[in-house]
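Here's the structure, in structure tokens; my notes come after.
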Amino acid sequence: LKWFLFHFILSGQLSITGLLEMIDTFDRPGRAFADETFARAGTFASAFEDQPGKRLPKAGAYAEAGVGHARAEWSVFDAEAKGPNASAGATASLTSADAFARAEVGSASATAGPVKVKVGLGFDTGVSLGPGGVEAKVLGTGISFGRKMGISLFGNEFEVKLW
């Protein structure tokens, strides 16, 4: 993985935003969990800690609840499945600021570095703004335009992080 990152950095094929996100997770240890029901709420703030997910400055607040949630992650890869759920949150980071509300009947997603695919039935509404582009969704349908190009239709999503 380190050779992969080094090669793409040298060839200029990896965006600064994408690189920062991969730097934040490249050494993330593997973990997996499953919950029958879940309800979480909280705030977070981190910056410049030498731990996966805490290297880049970010702060936010969130609340979520649902039935059925399974997730596995390792390095820049992750996979997730959720049953019926609802959530809301806001985040500000070095690369973007966003606010959203989401209600899903169910979803499954997978991420491998700069590529993410999600299938399900959901009704996301929110906006994300940053130097790399903009994302807007209303009732699960919207677009991402900029360094992250994507399209969403009622909770089904495909996105690619470019240069």
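FYI, nothing fancy with the structure tokens labels: chains A, B, ... in order, residues from 1 per chain, ligands from 1 as they appear.
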Legend entry - Which of chain A fall in strand (DSSP E), as a PyMOL selection string: chain A and resi 31-46+58-74+77-82+85-93+97-112+115-122+125-130+133-138+141-146+148-153+156-161
Inset, instruction - Mind the document's chain letters and residue numbers, and return as JSON, numbers by chain the residues of chain A that DSSP labels helix (DSSP H, G or I). - result: {"A": [2, 3, 4, 5, 6, 7, 8, 9, 10, 11, 16, 17, 18, 19, 20, 21, 22, 23, 24, 25]}
Could you save those same residues with N, CA and C atoms as a PDB file, in the first residue's frame?
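Full text of part01.pdb as output:
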```pdb
ATOM      1  N   LYS A   2       1.948   1.239   0.774  1.00  0.00           N
ATOM      2  CA  LYS A   2       2.825   2.408   0.800  1.00  0.00           C
ATOM      3  C   LYS A   2       3.436   2.642  -0.577  1.00  0.00           C
ATOM      4  N   TRP A   3       3.831   1.568  -1.300  1.00  0.00           N
ATOM      5  CA  TRP A   3       4.365   1.727  -2.652  1.00  0.00           C
ATOM      6  C   TRP A   3       3.308   2.323  -3.565  1.00  0.00           C
ATOM      7  N   PHE A   4       2.065   1.844  -3.423  1.00  0.00           N
ATOM      8  CA  PHE A   4       0.954   2.356  -4.227  1.00  0.00           C
ATOM      9  C   PHE A   4       0.790   3.857  -4.026  1.00  0.00           C
ATOM     10  N   LEU A   5       0.747   4.305  -2.772  1.00  0.00           N
ATOM     11  CA  LEU A   5       0.616   5.732  -2.477  1.00  0.00           C
ATOM     12  C   LEU A   5       1.795   6.511  -3.045  1.00  0.00           C
ATOM     13  N   PHE A   6       3.010   6.009  -2.843  1.00  0.00           N
ATOM     14  CA  PHE A   6       4.212   6.686  -3.324  1.00  0.00           C
ATOM     15  C   PHE A   6       4.170   6.837  -4.844  1.00  0.00           C
ATOM     16  N   HIS A   7       3.797   5.773  -5.561  1.00  0.00           N
ATOM     17  CA  HIS A   7       3.729   5.802  -7.023  1.00  0.00           C
ATOM     18  C   HIS A   7       2.735   6.863  -7.503  1.00  0.00           C
ATOM     19  N   PHE A   8       1.526   6.878  -6.925  1.00  0.00           N
ATOM     20  CA  PHE A   8       0.519   7.822  -7.378  1.00  0.00           C
ATOM     21  C   PHE A   8       0.850   9.258  -6.991  1.00  0.00           C
ATOM     22  N   ILE A   9       1.500   9.453  -5.875  1.00  0.00           N
ATOM     23  CA  ILE A   9       1.921  10.807  -5.503  1.00  0.00           C
ATOM     24  C   ILE A   9       2.944  11.313  -6.518  1.00  0.00           C
ATOM     25  N   LEU A  10       3.921  10.476  -6.855  1.00  0.00           N
ATOM     26  CA  LEU A  10       4.953  10.885  -7.806  1.00  0.00           C
ATOM     27  C   LEU A  10       4.387  11.125  -9.194  1.00  0.00           C
ATOM     28  N   SER A  11       3.408  10.337  -9.604  1.00  0.00           N
ATOM     29  CA  SER A  11       2.860  10.500 -10.948  1.00  0.00           C
ATOM     30  C   SER A  11       1.816  11.613 -11.023  1.00  0.00           C
ATOM     31  N   ILE A  16      -4.923  16.243  -3.820  1.00  0.00           N
ATOM     32  CA  ILE A  16      -4.495  16.619  -2.481  1.00  0.00           C
ATOM     33  C   ILE A  16      -5.555  16.189  -1.469  1.00  0.00           C
ATOM     34  N   THR A  17      -6.829  16.428  -1.772  1.00  0.00           N
ATOM     35  CA  THR A  17      -7.904  16.034  -0.872  1.00  0.00           C
ATOM     36  C   THR A  17      -7.920  14.522  -0.698  1.00  0.00           C
ATOM     37  N   GLY A  18      -7.864  13.787  -1.803  1.00  0.00           N
ATOM     38  CA  GLY A  18      -7.848  12.328  -1.730  1.00  0.00           C
ATOM     39  C   GLY A  18      -6.634  11.810  -0.987  1.00  0.00           C
ATOM     40  N   LEU A  19      -5.496  12.439  -1.202  1.00  0.00           N
ATOM     41  CA  LEU A  19      -4.268  12.044  -0.518  1.00  0.00           C
ATOM     42  C   LEU A  19      -4.405  12.271   0.978  1.00  0.00           C
ATOM     43  N   LEU A  20      -4.942  13.419   1.377  1.00  0.00           N
ATOM     44  CA  LEU A  20      -5.117  13.698   2.796  1.00  0.00           C
ATOM     45  C   LEU A  20      -6.033  12.665   3.440  1.00  0.00           C
ATOM     46  N   GLU A  21      -7.128  12.312   2.769  1.00  0.00           N
ATOM     47  CA  GLU A  21      -8.038  11.315   3.317  1.00  0.00           C
ATOM     48  C   GLU A  21      -7.359   9.951   3.434  1.00  0.00           C
ATOM     49  N   MET A  22      -6.542   9.570   2.435  1.00  0.00           N
ATOM     50  CA  MET A  22      -5.850   8.283   2.490  1.00  0.00           C
ATOM     51  C   MET A  22      -4.756   8.304   3.555  1.00  0.00           C
ATOM     52  N   ILE A  23      -4.071   9.440   3.734  1.00  0.00           N
ATOM     53  CA  ILE A  23      -3.061   9.552   4.786  1.00  0.00           C
ATOM     54  C   ILE A  23      -3.711   9.373   6.148  1.00  0.00           C
ATOM     55  N   ASP A  24      -4.957   9.849   6.283  1.00  0.00           N
ATOM     56  CA  ASP A  24      -5.655   9.761   7.555  1.00  0.00           C
ATOM     57  C   ASP A  24      -6.063   8.335   7.896  1.00  0.00           C
ATOM     58  N   THR A  25      -6.127   7.418   6.898  1.00  0.00           N
ATOM     59  CA  THR A  25      -6.615   6.062   7.180  1.00  0.00           C
ATOM     60  C   THR A  25      -5.710   4.928   6.692  1.00  0.00           C
TER      61      THR A  25
END
```
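Using only C-alpha atoms, the residues found no farther than 7 Å from segment 125-131 of chain A, other than those of its own chain fewer than 4 positions away, are Thr95, Ser96, Ala97, Asp98, Ala99, Phe100, Ala101, Arg102, Glu135, Ala136, Lys137, Val138, Leu139 and Gly140 of chain A.
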Legend entry - Close residues, Glu157 of chain A itself excluded, 7 Å, only C-alpha atoms, min 4 positions apart in chain, as a PyMOL selection string: chain A and resi 117-119+151-153
Please tabulate, as a Markdown table, the residues of segment 58-120 of chain A that come within 9 Å of segment 30-54 of chain A, each with its closest pair of atoms and the distance in Å to one decimal, counting only C-alpha atoms and ordering rows by chain, then residue number upward.
```
| residue | atom | partner | partner_atom | distance |
| --- | --- | --- | --- | --- |
| A:Lys58 | CA | A:Ser46 | CA | 5.7 |
| A:Ala59 | CA | A:Ala45 | CA | 4.1 |
| A:Gly60 | CA | A:Phe44 | CA | 5.4 |
| A:Ala61 | CA | A:Thr43 | CA | 4.2 |
| A:Tyr62 | CA | A:Ala41 | CA | 5.5 |
| A:Ala63 | CA | A:Ala41 | CA | 4.0 |
| A:Glu64 | CA | A:Arg40 | CA | 5.4 |
| A:Ala65 | CA | A:Ala39 | CA | 4.1 |
| A:Gly66 | CA | A:Phe38 | CA | 5.4 |
| A:Val67 | CA | A:Thr37 | CA | 4.3 |
| A:Gly68 | CA | A:Glu36 | CA | 4.6 |
| A:His69 | CA | A:Asp35 | CA | 5.2 |
| A:Ala70 | CA | A:Ala34 | CA | 4.1 |
| A:Arg71 | CA | A:Ala32 | CA | 5.5 |
| A:Ala72 | CA | A:Ala32 | CA | 4.1 |
| A:Glu73 | CA | A:Gly30 | CA | 5.5 |
| A:Trp74 | CA | A:Gly30 | CA | 4.1 |
| A:Ser75 | CA | A:Gly30 | CA | 7.1 |
| A:Asn85 | CA | A:Phe38 | CA | 8.9 |
```
Selected residues written out, C-alpha atoms, as an mmCIF file, in the first residue's frame:
```cif
data_model
loop_
_atom_site.group_PDB
_atom_site.id
_atom_site.type_symbol
_atom_site.label_atom_id
_atom_site.label_comp_id
_atom_site.auth_asym_id
_atom_site.auth_seq_id
_atom_site.Cartn_x
_atom_site.Cartn_y
_atom_site.Cartn_z
ATOM 1 C CA LYS A 58 -12.087 18.065 12.119
ATOM 2 C CA ALA A 59 -15.018 18.727 14.423
ATOM 3 C CA GLY A 60 -18.699 17.892 14.334
ATOM 4 C CA ALA A 61 -21.880 16.683 15.952
ATOM 5 C CA TYR A 62 -24.187 13.786 15.049
ATOM 6 C CA ALA A 63 -27.196 11.738 16.138
ATOM 7 C CA GLU A 64 -28.338 8.417 14.663
ATOM 8 C CA ALA A 65 -30.634 5.510 15.456
ATOM 9 C CA GLY A 66 -31.675 2.388 13.625
ATOM 10 C CA VAL A 67 -32.130 -1.355 13.405
ATOM 11 C CA GLY A 68 -29.312 -3.502 12.050
ATOM 12 C CA HIS A 69 -25.811 -2.149 11.369
ATOM 13 C CA ALA A 70 -22.712 -4.072 10.313
ATOM 14 C CA ARG A 71 -19.354 -2.582 9.330
ATOM 15 C CA ALA A 72 -15.873 -3.831 8.486
ATOM 16 C CA GLU A 73 -12.859 -1.595 7.840
ATOM 17 C CA TRP A 74 -9.176 -1.923 7.193
ATOM 18 C CA SER A 75 -6.762 0.687 5.847
ATOM 19 C CA ASN A 85 -32.240 4.160 10.237
#
```
Inset, instruction - Could you check how far atom CA of Arg28 of chain A sits from atom CA of Val76 of chain A, in Å to one decimal? - result: 7.5 Å
Legend entry - Which residue of A:Glu80, A:Phe123, A:Lys116, A:Gly142 approaches Glu159 of chain A most closely, using only C-alpha atoms: A:Lys116
Inset, instruction - Using only C-alpha atoms, find the one residue out of A:Ala86, A:Met149, A:Gly155, A:Thr141 that sits nearest to Ala103 of chain A. - result: A:Ala86
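Picture a line from atom CA of Ala88 of chain A to atom CA of Glu104 of chain A; it runs 11.8 Å.
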Inset, instruction - Rank A:Gly132, A:Gly150, A:Pro57, A:Gly113 by their smallest atom-to-atom distance to Ala79 of chain A, using only C-alpha atoms, and report the top residue only. - result: A:Gly113
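Relative to atom CA of Val134 of chain A, atom CA of Lys148 of chain A is found at 8.4 Å.
In terms of minimum interatomic distance to Ala110 of chain A, A:Phe158 ranks closest within A:Asp124, A:Thr91, A:Ser144, A:Phe158, counting only C-alpha atoms.
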Legend entry - Minimum-distance residue to Leu121 of chain A, chosen among A:Phe77, A:Phe145, A:Phe154, A:Phe26 (using only C-alpha atoms): A:Phe154
